[in-house]
file start_28.pdb (PDB, C-alpha atoms, pLDDT in the B column)
ATOM      1  CA  MET A 193     124.855  96.936 101.187  1.00 90.00           C
ATOM      2  CA  ASP A 194     127.102  94.080 100.043  1.00 95.00           C
ATOM      3  CA  LYS A 195     126.832  92.370  96.676  1.00 96.00           C
ATOM      4  CA  ILE A 196     126.303  88.647  96.197  1.00 97.00           C
ATOM      5  CA  ALA A 197     126.439  87.039  92.749  1.00 98.00           C
ATOM      6  CA  ILE A 198     124.497  83.913  91.843  1.00 98.00           C
ATOM      7  CA  PHE A 199     126.110  81.931  89.023  1.00 97.00           C
ATOM      8  CA  GLY A 200     123.702  79.246  87.888  1.00 94.00           C
ATOM      9  CA  GLY A 201     124.141  76.599  85.257  1.00 92.00           C
ATOM     10  CA  SER A 202     124.177  72.921  84.435  1.00 92.00           C
ATOM     11  CA  PHE A 203     128.016  72.899  84.470  1.00 95.00           C
ATOM     12  CA  ASP A 204     127.998  69.848  82.202  1.00 95.00           C
ATOM     13  CA  PRO A 205     131.000  69.982  82.477  1.00 97.00           C
ATOM     14  CA  VAL A 206     132.329  73.044  84.321  1.00 97.00           C
ATOM     15  CA  HIS A 207     135.191  74.530  82.290  1.00 95.00           C
ATOM     16  CA  LYS A 208     137.882  77.204  82.430  1.00 95.00           C
ATOM     17  CA  SER A 209     135.580  79.978  81.169  1.00 93.00           C
ATOM     18  CA  HIS A 210     133.140  79.383  84.030  1.00 94.00           C
ATOM     19  CA  ILE A 211     135.966  79.854  86.525  1.00 94.00           C
ATOM     20  CA  GLN A 212     137.364  82.841  84.620  1.00 93.00           C
ATOM     21  CA  ILE A 213     133.925  84.530  84.680  1.00 93.00           C
ATOM     22  CA  ALA A 214     133.608  83.938  88.437  1.00 94.00           C
ATOM     23  CA  LYS A 215     137.029  85.456  89.125  1.00 93.00           C
ATOM     24  CA  LEU A 216     136.348  88.458  86.868  1.00 92.00           C
ATOM     25  CA  ALA A 217     132.979  89.036  88.562  1.00 93.00           C
ATOM     26  CA  PHE A 218     134.797  89.327  91.910  1.00 91.00           C
ATOM     27  CA  LYS A 219     137.239  91.868  90.452  1.00 86.00           C
ATOM     28  CA  SER A 220     134.592  93.872  88.597  1.00 86.00           C
ATOM     29  CA  LEU A 221     132.076  94.243  91.426  1.00 90.00           C
ATOM     30  CA  ASP A 222     133.922  93.745  94.715  1.00 90.00           C
ATOM     31  CA  LEU A 223     131.549  90.935  95.657  1.00 95.00           C
ATOM     32  CA  LYS A 224     131.014  89.741  99.206  1.00 95.00           C
ATOM     33  CA  LYS A 225     130.674  86.254  97.720  1.00 96.00           C
ATOM     34  CA  LEU A 226     129.724  84.329  94.613  1.00 97.00           C
ATOM     35  CA  ILE A 227     127.457  81.295  94.820  1.00 98.00           C
ATOM     36  CA  PHE A 228     127.548  78.643  92.118  1.00 97.00           C
ATOM     37  CA  VAL A 229     124.077  77.113  91.809  1.00 97.00           C
ATOM     38  CA  ILE A 230     124.058  73.846  89.930  1.00 94.00           C
ATOM     39  CA  ALA A 231     120.785  73.170  88.145  1.00 89.00           C
ATOM     40  CA  TYR A 232     119.122  69.789  88.260  1.00 83.00           C
ATOM     41  CA  THR A 233     117.262  70.460  85.001  1.00 75.00           C
ATOM     42  CA  PRO A 234     117.597  73.970  83.554  1.00 66.00           C
ATOM     43  CA  PRO A 235     114.402  75.216  81.857  1.00 68.00           C
ATOM     44  CA  HIS A 236     116.212  75.891  78.543  1.00 65.00           C
ATOM     45  CA  LYS A 237     118.125  72.592  78.279  1.00 61.00           C
ATOM     46  CA  ILE A 238     116.646  69.415  76.880  1.00 62.00           C
ATOM     47  CA  LYS A 239     118.894  66.977  78.727  1.00 70.00           C
ATOM     48  CA  GLN A 240     121.889  66.650  81.007  1.00 75.00           C
ATOM     49  CA  TYR A 241     124.779  64.452  79.927  1.00 90.00           C
ATOM     50  CA  ALA A 242     126.505  63.746  83.234  1.00 93.00           C
ATOM     51  CA  HIS A 243     124.639  62.670  86.352  1.00 91.00           C
ATOM     52  CA  ILE A 244     123.951  65.431  88.887  1.00 91.00           C
ATOM     53  CA  LYS A 245     126.380  63.813  91.369  1.00 94.00           C
ATOM     54  CA  ASP A 246     129.193  63.965  88.799  1.00 96.00           C
ATOM     55  CA  ARG A 247     128.409  67.580  87.908  1.00 95.00           C
ATOM     56  CA  ILE A 248     128.508  68.521  91.604  1.00 95.00           C
ATOM     57  CA  SER A 249     131.834  66.700  92.059  1.00 97.00           C
ATOM     58  CA  MET A 250     133.363  68.449  89.031  1.00 97.00           C
ATOM     59  CA  LEU A 251     132.167  71.861  90.213  1.00 97.00           C
ATOM     60  CA  LYS A 252     133.711  71.258  93.649  1.00 96.00           C
ATOM     61  CA  LEU A 253     137.020  70.350  91.987  1.00 96.00           C
ATOM     62  CA  ALA A 254     136.988  73.409  89.708  1.00 96.00           C
ATOM     63  CA  ALA A 255     135.736  76.049  92.141  1.00 93.00           C
ATOM     64  CA  GLY A 256     137.179  74.757  95.379  1.00 85.00           C
ATOM     65  CA  ASN A 257     140.106  77.171  95.440  1.00 84.00           C
ATOM     66  CA  ILE A 258     138.197  80.387  94.643  1.00 90.00           C
ATOM     67  CA  GLN A 259     138.097  82.468  97.807  1.00 89.00           C
ATOM     68  CA  LYS A 260     134.641  83.671  98.866  1.00 92.00           C
ATOM     69  CA  ALA A 261     132.949  81.289  96.433  1.00 94.00           C
ATOM     70  CA  GLU A 262     130.389  78.723  97.534  1.00 95.00           C
ATOM     71  CA  ILE A 263     128.452  75.949  95.855  1.00 96.00           C
ATOM     72  CA  SER A 264     124.731  75.684  96.526  1.00 96.00           C
ATOM     73  CA  LEU A 265     122.676  72.569  95.891  1.00 95.00           C
ATOM     74  CA  TYR A 266     119.408  74.515  96.249  1.00 96.00           C
ATOM     75  CA  GLU A 267     118.232  73.704  92.707  1.00 94.00           C
ATOM     76  CA  ALA A 268     119.891  70.286  92.483  1.00 91.00           C
ATOM     77  CA  GLN A 269     118.140  69.022  95.600  1.00 91.00           C
ATOM     78  CA  LYS A 270     114.715  69.968  94.283  1.00 88.00           C
ATOM     79  CA  LEU A 271     115.015  67.269  91.564  1.00 82.00           C
ATOM     80  CA  GLU A 272     112.936  69.393  89.192  1.00 84.00           C
ATOM     81  CA  THR A 273     113.154  72.504  87.053  1.00 86.00           C
ATOM     82  CA  VAL A 274     113.634  75.642  89.137  1.00 92.00           C
ATOM     83  CA  TYR A 275     113.290  79.060  87.508  1.00 94.00           C
ATOM     84  CA  SER A 276     115.816  81.860  87.997  1.00 95.00           C
ATOM     85  CA  TYR A 277     113.363  84.171  89.752  1.00 97.00           C
ATOM     86  CA  GLN A 278     112.700  81.423  92.341  1.00 97.00           C
ATOM     87  CA  THR A 279     116.415  80.906  92.947  1.00 97.00           C
ATOM     88  CA  LEU A 280     117.170  84.610  93.301  1.00 98.00           C
ATOM     89  CA  ASP A 281     114.200  85.084  95.660  1.00 98.00           C
ATOM     90  CA  TYR A 282     115.524  82.194  97.755  1.00 98.00           C
ATOM     91  CA  PHE A 283     118.946  83.820  98.104  1.00 98.00           C
ATOM     92  CA  GLN A 284     117.464  87.281  98.685  1.00 98.00           C
ATOM     93  CA  ASN A 285     115.477  85.823 101.577  1.00 98.00           C
ATOM     94  CA  LEU A 286     118.664  84.255 102.971  1.00 97.00           C
ATOM     95  CA  HIS A 287     120.571  87.550 102.590  1.00 97.00           C
ATOM     96  CA  PRO A 288     117.954  90.322 103.004  1.00 97.00           C
ATOM     97  CA  ALA A 289     120.531  93.072 103.615  1.00 97.00           C
ATOM     98  CA  ASP A 290     122.547  92.283 100.473  1.00 97.00           C
ATOM     99  CA  GLU A 291     122.096  93.106  96.811  1.00 97.00           C
ATOM    100  CA  ILE A 292     121.689  89.983  94.679  1.00 98.00           C
ATOM    101  CA  TYR A 293     123.092  89.799  91.140  1.00 97.00           C
ATOM    102  CA  MET A 294     122.813  87.017  88.579  1.00 97.00           C
ATOM    103  CA  VAL A 295     125.767  86.045  86.390  1.00 96.00           C
ATOM    104  CA  ILE A 296     124.807  85.384  82.768  1.00 94.00           C
ATOM    105  CA  GLY A 297     126.489  85.288  79.370  1.00 88.00           C
ATOM    106  CA  SER A 298     125.710  87.857  76.688  1.00 88.00           C
ATOM    107  CA  ASP A 299     123.884  85.109  74.760  1.00 85.00           C
ATOM    108  CA  SER A 300     121.526  84.726  77.741  1.00 89.00           C
ATOM    109  CA  LEU A 301     121.036  88.500  77.877  1.00 90.00           C
ATOM    110  CA  LEU A 302     119.500  88.338  74.405  1.00 89.00           C
ATOM    111  CA  ASP A 303     117.221  85.494  75.554  1.00 90.00           C
ATOM    112  CA  LEU A 304     116.001  87.234  78.738  1.00 93.00           C
ATOM    113  CA  PRO A 305     112.619  88.270  77.237  1.00 93.00           C
ATOM    114  CA  THR A 306     111.737  84.547  76.966  1.00 93.00           C
ATOM    115  CA  TRP A 307     112.490  83.771  80.646  1.00 94.00           C
ATOM    116  CA  LYS A 308     109.683  82.960  83.065  1.00 94.00           C
ATOM    117  CA  ASN A 309     108.572  86.040  85.067  1.00 96.00           C
ATOM    118  CA  ILE A 310     111.381  88.099  83.547  1.00 96.00           C
ATOM    119  CA  ASP A 311     109.797  91.491  84.284  1.00 96.00           C
ATOM    120  CA  TYR A 312     109.587  90.578  87.960  1.00 97.00           C
ATOM    121  CA  LEU A 313     113.138  89.179  87.930  1.00 97.00           C
ATOM    122  CA  ALA A 314     114.616  92.229  86.186  1.00 96.00           C
ATOM    123  CA  SER A 315     112.756  94.653  88.453  1.00 97.00           C
ATOM    124  CA  ARG A 316     114.270  93.109  91.599  1.00 97.00           C
ATOM    125  CA  TYR A 317     117.726  91.948  90.518  1.00 97.00           C
ATOM    126  CA  LYS A 318     120.651  93.012  88.355  1.00 97.00           C
ATOM    127  CA  PHE A 319     122.714  90.971  85.943  1.00 97.00           C
ATOM    128  CA  ILE A 320     126.478  90.572  85.653  1.00 95.00           C
ATOM    129  CA  VAL A 321     126.993  89.909  81.957  1.00 93.00           C
ATOM    130  CA  ALA A 322     130.044  88.100  80.598  1.00 90.00           C
ATOM    131  CA  LYS A 323     130.606  88.967  76.954  1.00 84.00           C
ATOM    132  CA  ARG A 324     130.759  85.972  74.613  1.00 79.00           C
ATOM    133  CA  ALA A 325     132.474  86.015  71.232  1.00 75.00           C
ATOM    134  CA  GLY A 326     130.180  86.667  68.299  1.00 75.00           C
ATOM    135  CA  ILE A 327     127.307  88.043  70.403  1.00 78.00           C
ATOM    136  CA  GLU A 328     126.490  91.654  69.534  1.00 79.00           C
ATOM    137  CA  ILE A 329     124.781  93.746  72.197  1.00 83.00           C
ATOM    138  CA  ASN A 330     123.229  96.985  70.971  1.00 83.00           C
ATOM    139  CA  LYS A 331     121.567  99.765  72.947  1.00 84.00           C
ATOM    140  CA  ASN A 332     118.066  98.455  72.121  1.00 86.00           C
ATOM    141  CA  VAL A 333     118.513  95.205  74.051  1.00 88.00           C
ATOM    142  CA  LYS A 334     115.838  94.886  76.699  1.00 91.00           C
ATOM    143  CA  TYR A 335     116.932  95.105  80.373  1.00 93.00           C
ATOM    144  CA  LEU A 336     120.281  96.663  79.426  1.00 93.00           C
ATOM    145  CA  ASP A 337     119.808  99.195  82.243  1.00 93.00           C
ATOM    146  CA  ARG A 338     119.837  96.271  84.728  1.00 95.00           C
ATOM    147  CA  CYS A 339     123.230  94.996  83.556  1.00 94.00           C
ATOM    148  CA  VAL A 340     126.837  95.354  84.641  1.00 93.00           C
ATOM    149  CA  PHE A 341     129.270  94.071  82.027  1.00 91.00           C
ATOM    150  CA  ILE A 342     132.511  92.214  82.654  1.00 89.00           C
ATOM    151  CA  ASP A 343     134.667  94.163  80.269  1.00 71.00           C
ATOM    152  CA  LYS A 344     137.529  91.698  79.863  1.00 76.00           C
ATOM    153  CA  GLY A 345     137.431  89.081  77.152  1.00 71.00           C
ATOM    154  CA  ILE A 346     136.399  85.626  78.206  1.00 80.00           C
ATOM    155  CA  GLU A 347     137.791  82.499  76.568  1.00 82.00           C
ATOM    156  CA  ASP A 348     135.149  81.206  74.166  1.00 83.00           C
ATOM    157  CA  ILE A 349     134.552  77.722  75.555  1.00 90.00           C
ATOM    158  CA  SER A 350     131.308  75.793  75.643  1.00 89.00           C
ATOM    159  CA  SER A 351     130.378  72.599  77.435  1.00 92.00           C
ATOM    160  CA  THR A 352     128.838  71.344  74.176  1.00 91.00           C
ATOM    161  CA  ILE A 353     132.195  71.558  72.383  1.00 93.00           C
ATOM    162  CA  ILE A 354     133.984  69.900  75.298  1.00 95.00           C
ATOM    163  CA  ARG A 355     131.569  66.953  75.248  1.00 95.00           C
ATOM    164  CA  LYS A 356     132.091  66.599  71.494  1.00 94.00           C
ATOM    165  CA  LEU A 357     135.884  66.708  71.851  1.00 95.00           C
ATOM    166  CA  ILE A 358     135.851  64.104  74.614  1.00 95.00           C
ATOM    167  CA  LYS A 359     133.865  61.771  72.373  1.00 92.00           C
ATOM    168  CA  GLU A 360     136.281  62.267  69.450  1.00 93.00           C
ATOM    169  CA  ASP A 361     139.635  62.500  71.258  1.00 91.00           C
ATOM    170  CA  HIS A 362     139.552  63.388  74.951  1.00 91.00           C
ATOM    171  CA  LYS A 363     143.087  64.858  74.879  1.00 94.00           C
ATOM    172  CA  LYS A 364     141.779  67.771  72.762  1.00 94.00           C
ATOM    173  CA  ALA A 365     139.447  68.771  75.607  1.00 95.00           C
ATOM    174  CA  ALA A 366     142.205  68.882  78.240  1.00 95.00           C
ATOM    175  CA  PRO A 367     143.271  72.540  77.656  1.00 96.00           C
ATOM    176  CA  LEU A 368     139.668  73.714  78.161  1.00 96.00           C
ATOM    177  CA  LEU A 369     139.262  72.118  81.592  1.00 96.00           C
ATOM    178  CA  SER A 370     141.055  72.286  84.909  1.00 95.00           C
ATOM    179  CA  GLU A 371     143.387  69.335  85.319  1.00 96.00           C
ATOM    180  CA  LYS A 372     141.289  67.981  88.207  1.00 96.00           C
ATOM    181  CA  VAL A 373     138.052  68.134  86.195  1.00 97.00           C
ATOM    182  CA  TYR A 374     139.703  66.575  83.136  1.00 97.00           C
ATOM    183  CA  ASN A 375     141.068  63.703  85.254  1.00 97.00           C
ATOM    184  CA  TYR A 376     137.656  63.201  86.882  1.00 97.00           C
ATOM    185  CA  ILE A 377     135.968  62.961  83.456  1.00 97.00           C
ATOM    186  CA  ILE A 378     138.493  60.408  82.182  1.00 96.00           C
ATOM    187  CA  GLN A 379     138.525  58.337  85.383  1.00 96.00           C
ATOM    188  CA  ASN A 380     134.726  58.171  85.436  1.00 96.00           C
ATOM    189  CA  GLY A 381     134.232  57.620  81.693  1.00 95.00           C
ATOM    190  CA  LEU A 382     131.965  60.651  81.257  1.00 96.00           C
ATOM    191  CA  TYR A 383     130.731  61.972  77.873  1.00 95.00           C
ATOM    192  CA  LYS A 384     131.784  58.870  75.897  1.00 87.00           C
TER     193      LYS A 384
END
call {"tool": "encode", "arguments": {"input": "start_28.pdb", "output": "structure tokens"}}
result
Amino acid sequence: MDKIAIFGGSFDPVHKSHIQIAKLAFKSLDLKKLIFVIAYTPPHKIKQYAHIKDRISMLKLAAGNIQKAEISLYEAQKLETVYSYQTLDYFQNLHPADEIYMVIGSDSLLDLPTWKNIDYLASRYKFIVAKRAGIEINKNVKYLDRCVFIDKGIEDISSTIIRKLIKEDHKKAAPLLSEKVYNYIIQNGLYK
């Protein structure tokens, strides 16, 4: 049974930590492939800052050179909120012989009990958890037995900080983004 990882997010914008997590997931689990799933409207986010077309373009620029990685527009094309259990069921149906994992950050691990149909989701799928700075995971965390941790440190970057930096002085955001994504943001006047 091969392993496929689903890495969902708004990617608003996609940054170096997203790509680092994807590459580490490949190394940690010997994945058959990793599928980036760009959300149209994630259930836990109030708004998106860049248009869906721009977020797709940036993700293609950032992830285009990762071998065995794909980008899915499954959620984006629905033009509505799609829940994680629906997305993972969709990919399990596409790949019935494979084991489906979901890539999340350790901050999301702590929020899992609030997710829609989480008991169903956690009973069918496992999580690849990227540790984030300042997030403590103790042995009492729910669904810990369904998790595989990426043990290497991940750069602590957030899309929120990048958007703030671009507004203040876009040059400060450059080291946090791939050169192609940074150039795309500047050329298209995003996050001003």
call {"tool": "closest_residue", "arguments": {"input": "start_28.pdb", "among": "A:Met250, A:Ala314, A:Ile378, A:Leu369", "to": "Tyr277 of chain A", "atoms": "all atoms listed in the file"}}
result
A:Ala314
call {"tool": "resolve_selection", "arguments": {"input": "start_28.pdb", "expression": "the PyMOL selection byres ((chain A and resi 357) around 12)", "output": "mmCIF file with C-alpha atoms, in the coordinates of the input"}}
result
data_model
loop_
_atom_site.group_PDB
_atom_site.id
_atom_site.type_symbol
_atom_site.label_atom_id
_atom_site.label_comp_id
_atom_site.auth_asym_id
_atom_site.auth_seq_id
_atom_site.Cartn_x
_atom_site.Cartn_y
_atom_site.Cartn_z
ATOM 1 C CA ILE A 349 134.552 77.722 75.555
ATOM 2 C CA SER A 350 131.308 75.793 75.643
ATOM 3 C CA SER A 351 130.378 72.599 77.435
ATOM 4 C CA THR A 352 128.838 71.344 74.176
ATOM 5 C CA ILE A 353 132.195 71.558 72.383
ATOM 6 C CA ILE A 354 133.984 69.900 75.298
ATOM 7 C CA ARG A 355 131.569 66.953 75.248
ATOM 8 C CA LYS A 356 132.091 66.599 71.494
ATOM 9 C CA ILE A 358 135.851 64.104 74.614
ATOM 10 C CA LYS A 359 133.865 61.771 72.373
ATOM 11 C CA GLU A 360 136.281 62.267 69.450
ATOM 12 C CA ASP A 361 139.635 62.500 71.258
ATOM 13 C CA HIS A 362 139.552 63.388 74.951
ATOM 14 C CA LYS A 363 143.087 64.858 74.879
ATOM 15 C CA LYS A 364 141.779 67.771 72.762
ATOM 16 C CA ALA A 365 139.447 68.771 75.607
ATOM 17 C CA ALA A 366 142.205 68.882 78.240
ATOM 18 C CA PRO A 367 143.271 72.540 77.656
ATOM 19 C CA LEU A 368 139.668 73.714 78.161
ATOM 20 C CA LEU A 369 139.262 72.118 81.592
ATOM 21 C CA TYR A 374 139.703 66.575 83.136
ATOM 22 C CA LEU A 382 131.965 60.651 81.257
ATOM 23 C CA TYR A 383 130.731 61.972 77.873
ATOM 24 C CA LYS A 384 131.784 58.870 75.897
#
call {"tool": "closest_residue", "arguments": {"input": "start_28.pdb", "among": "A:Ile198, A:Lys334, A:Ala214, A:Asp246", "to": "Asp281 of chain A", "atoms": "all atoms listed in the file"}}
result
A:Ile198
call {"tool": "atom_distance", "arguments": {"input": "start_28.pdb", "atom1": "atom CA of Ala217 of chain A", "atom2": "atom CA of Lys344 of chain A"}}
result
10.2 Å
call {"tool": "closest_residue", "arguments": {"input": "start_28.pdb", "among": "A:Leu280, A:Leu304, A:Ala255, A:Leu336", "to": "Ser209 of chain A", "atoms": "all atoms listed in the file"}}
result
A:Ala255
call {"tool": "decode", "arguments": {"input": "start_28.pdb", "residues": "segment 365-378 of chain A", "atoms": "N, CA, C and O atoms", "output": "short mmCIF file (atom, residue, chain, number, x, y, z; two decimals), in the first residue's frame"}}
result
data_model
loop_
_atom_site.label_atom_id
_atom_site.label_comp_id
_atom_site.auth_asym_id
_atom_site.auth_seq_id
_atom_site.Cartn_x
_atom_site.Cartn_y
_atom_site.Cartn_z
N ALA A 365 9.78 40.92 2.82
CA ALA A 365 9.10 39.63 2.62
C ALA A 365 9.88 38.72 1.68
O ALA A 365 9.68 37.51 1.70
N ALA A 366 10.77 39.29 0.89
CA ALA A 366 11.47 38.51 -0.15
C ALA A 366 12.15 37.25 0.38
O ALA A 366 12.03 36.19 -0.25
N PRO A 367 12.88 37.28 1.52
CA PRO A 367 13.55 36.06 1.98
C PRO A 367 12.61 34.93 2.40
O PRO A 367 13.04 33.78 2.53
N LEU A 368 11.34 35.23 2.59
CA LEU A 368 10.38 34.23 3.06
C LEU A 368 9.65 33.52 1.92
O LEU A 368 8.91 32.57 2.15
N LEU A 369 9.88 34.01 0.71
CA LEU A 369 9.17 33.51 -0.48
C LEU A 369 10.15 33.04 -1.53
O LEU A 369 11.30 33.49 -1.56
N SER A 370 9.70 32.14 -2.40
CA SER A 370 10.55 31.80 -3.54
C SER A 370 10.65 33.05 -4.40
O SER A 370 9.76 33.91 -4.39
N GLU A 371 11.72 33.15 -5.14
CA GLU A 371 11.93 34.34 -5.99
C GLU A 371 10.78 34.51 -6.98
O GLU A 371 10.30 35.61 -7.21
N LYS A 372 10.31 33.39 -7.55
CA LYS A 372 9.23 33.45 -8.54
C LYS A 372 7.93 33.97 -7.91
O LYS A 372 7.22 34.77 -8.50
N VAL A 373 7.64 33.49 -6.70
CA VAL A 373 6.41 33.93 -6.02
C VAL A 373 6.52 35.41 -5.63
O VAL A 373 5.58 36.19 -5.83
N TYR A 374 7.67 35.78 -5.11
CA TYR A 374 7.90 37.19 -4.74
C TYR A 374 7.69 38.09 -5.96
O TYR A 374 6.98 39.10 -5.90
N ASN A 375 8.31 37.74 -7.08
CA ASN A 375 8.18 38.54 -8.30
C ASN A 375 6.72 38.61 -8.77
O ASN A 375 6.25 39.66 -9.20
N TYR A 376 6.02 37.49 -8.65
CA TYR A 376 4.60 37.46 -9.06
C TYR A 376 3.79 38.44 -8.19
O TYR A 376 2.96 39.19 -8.71
N ILE A 377 4.03 38.42 -6.89
CA ILE A 377 3.31 39.31 -5.97
C ILE A 377 3.56 40.78 -6.33
O ILE A 377 2.62 41.58 -6.40
N ILE A 378 4.82 41.13 -6.57
CA ILE A 378 5.16 42.51 -6.88
C ILE A 378 4.58 42.92 -8.24
O ILE A 378 3.97 43.98 -8.37
#
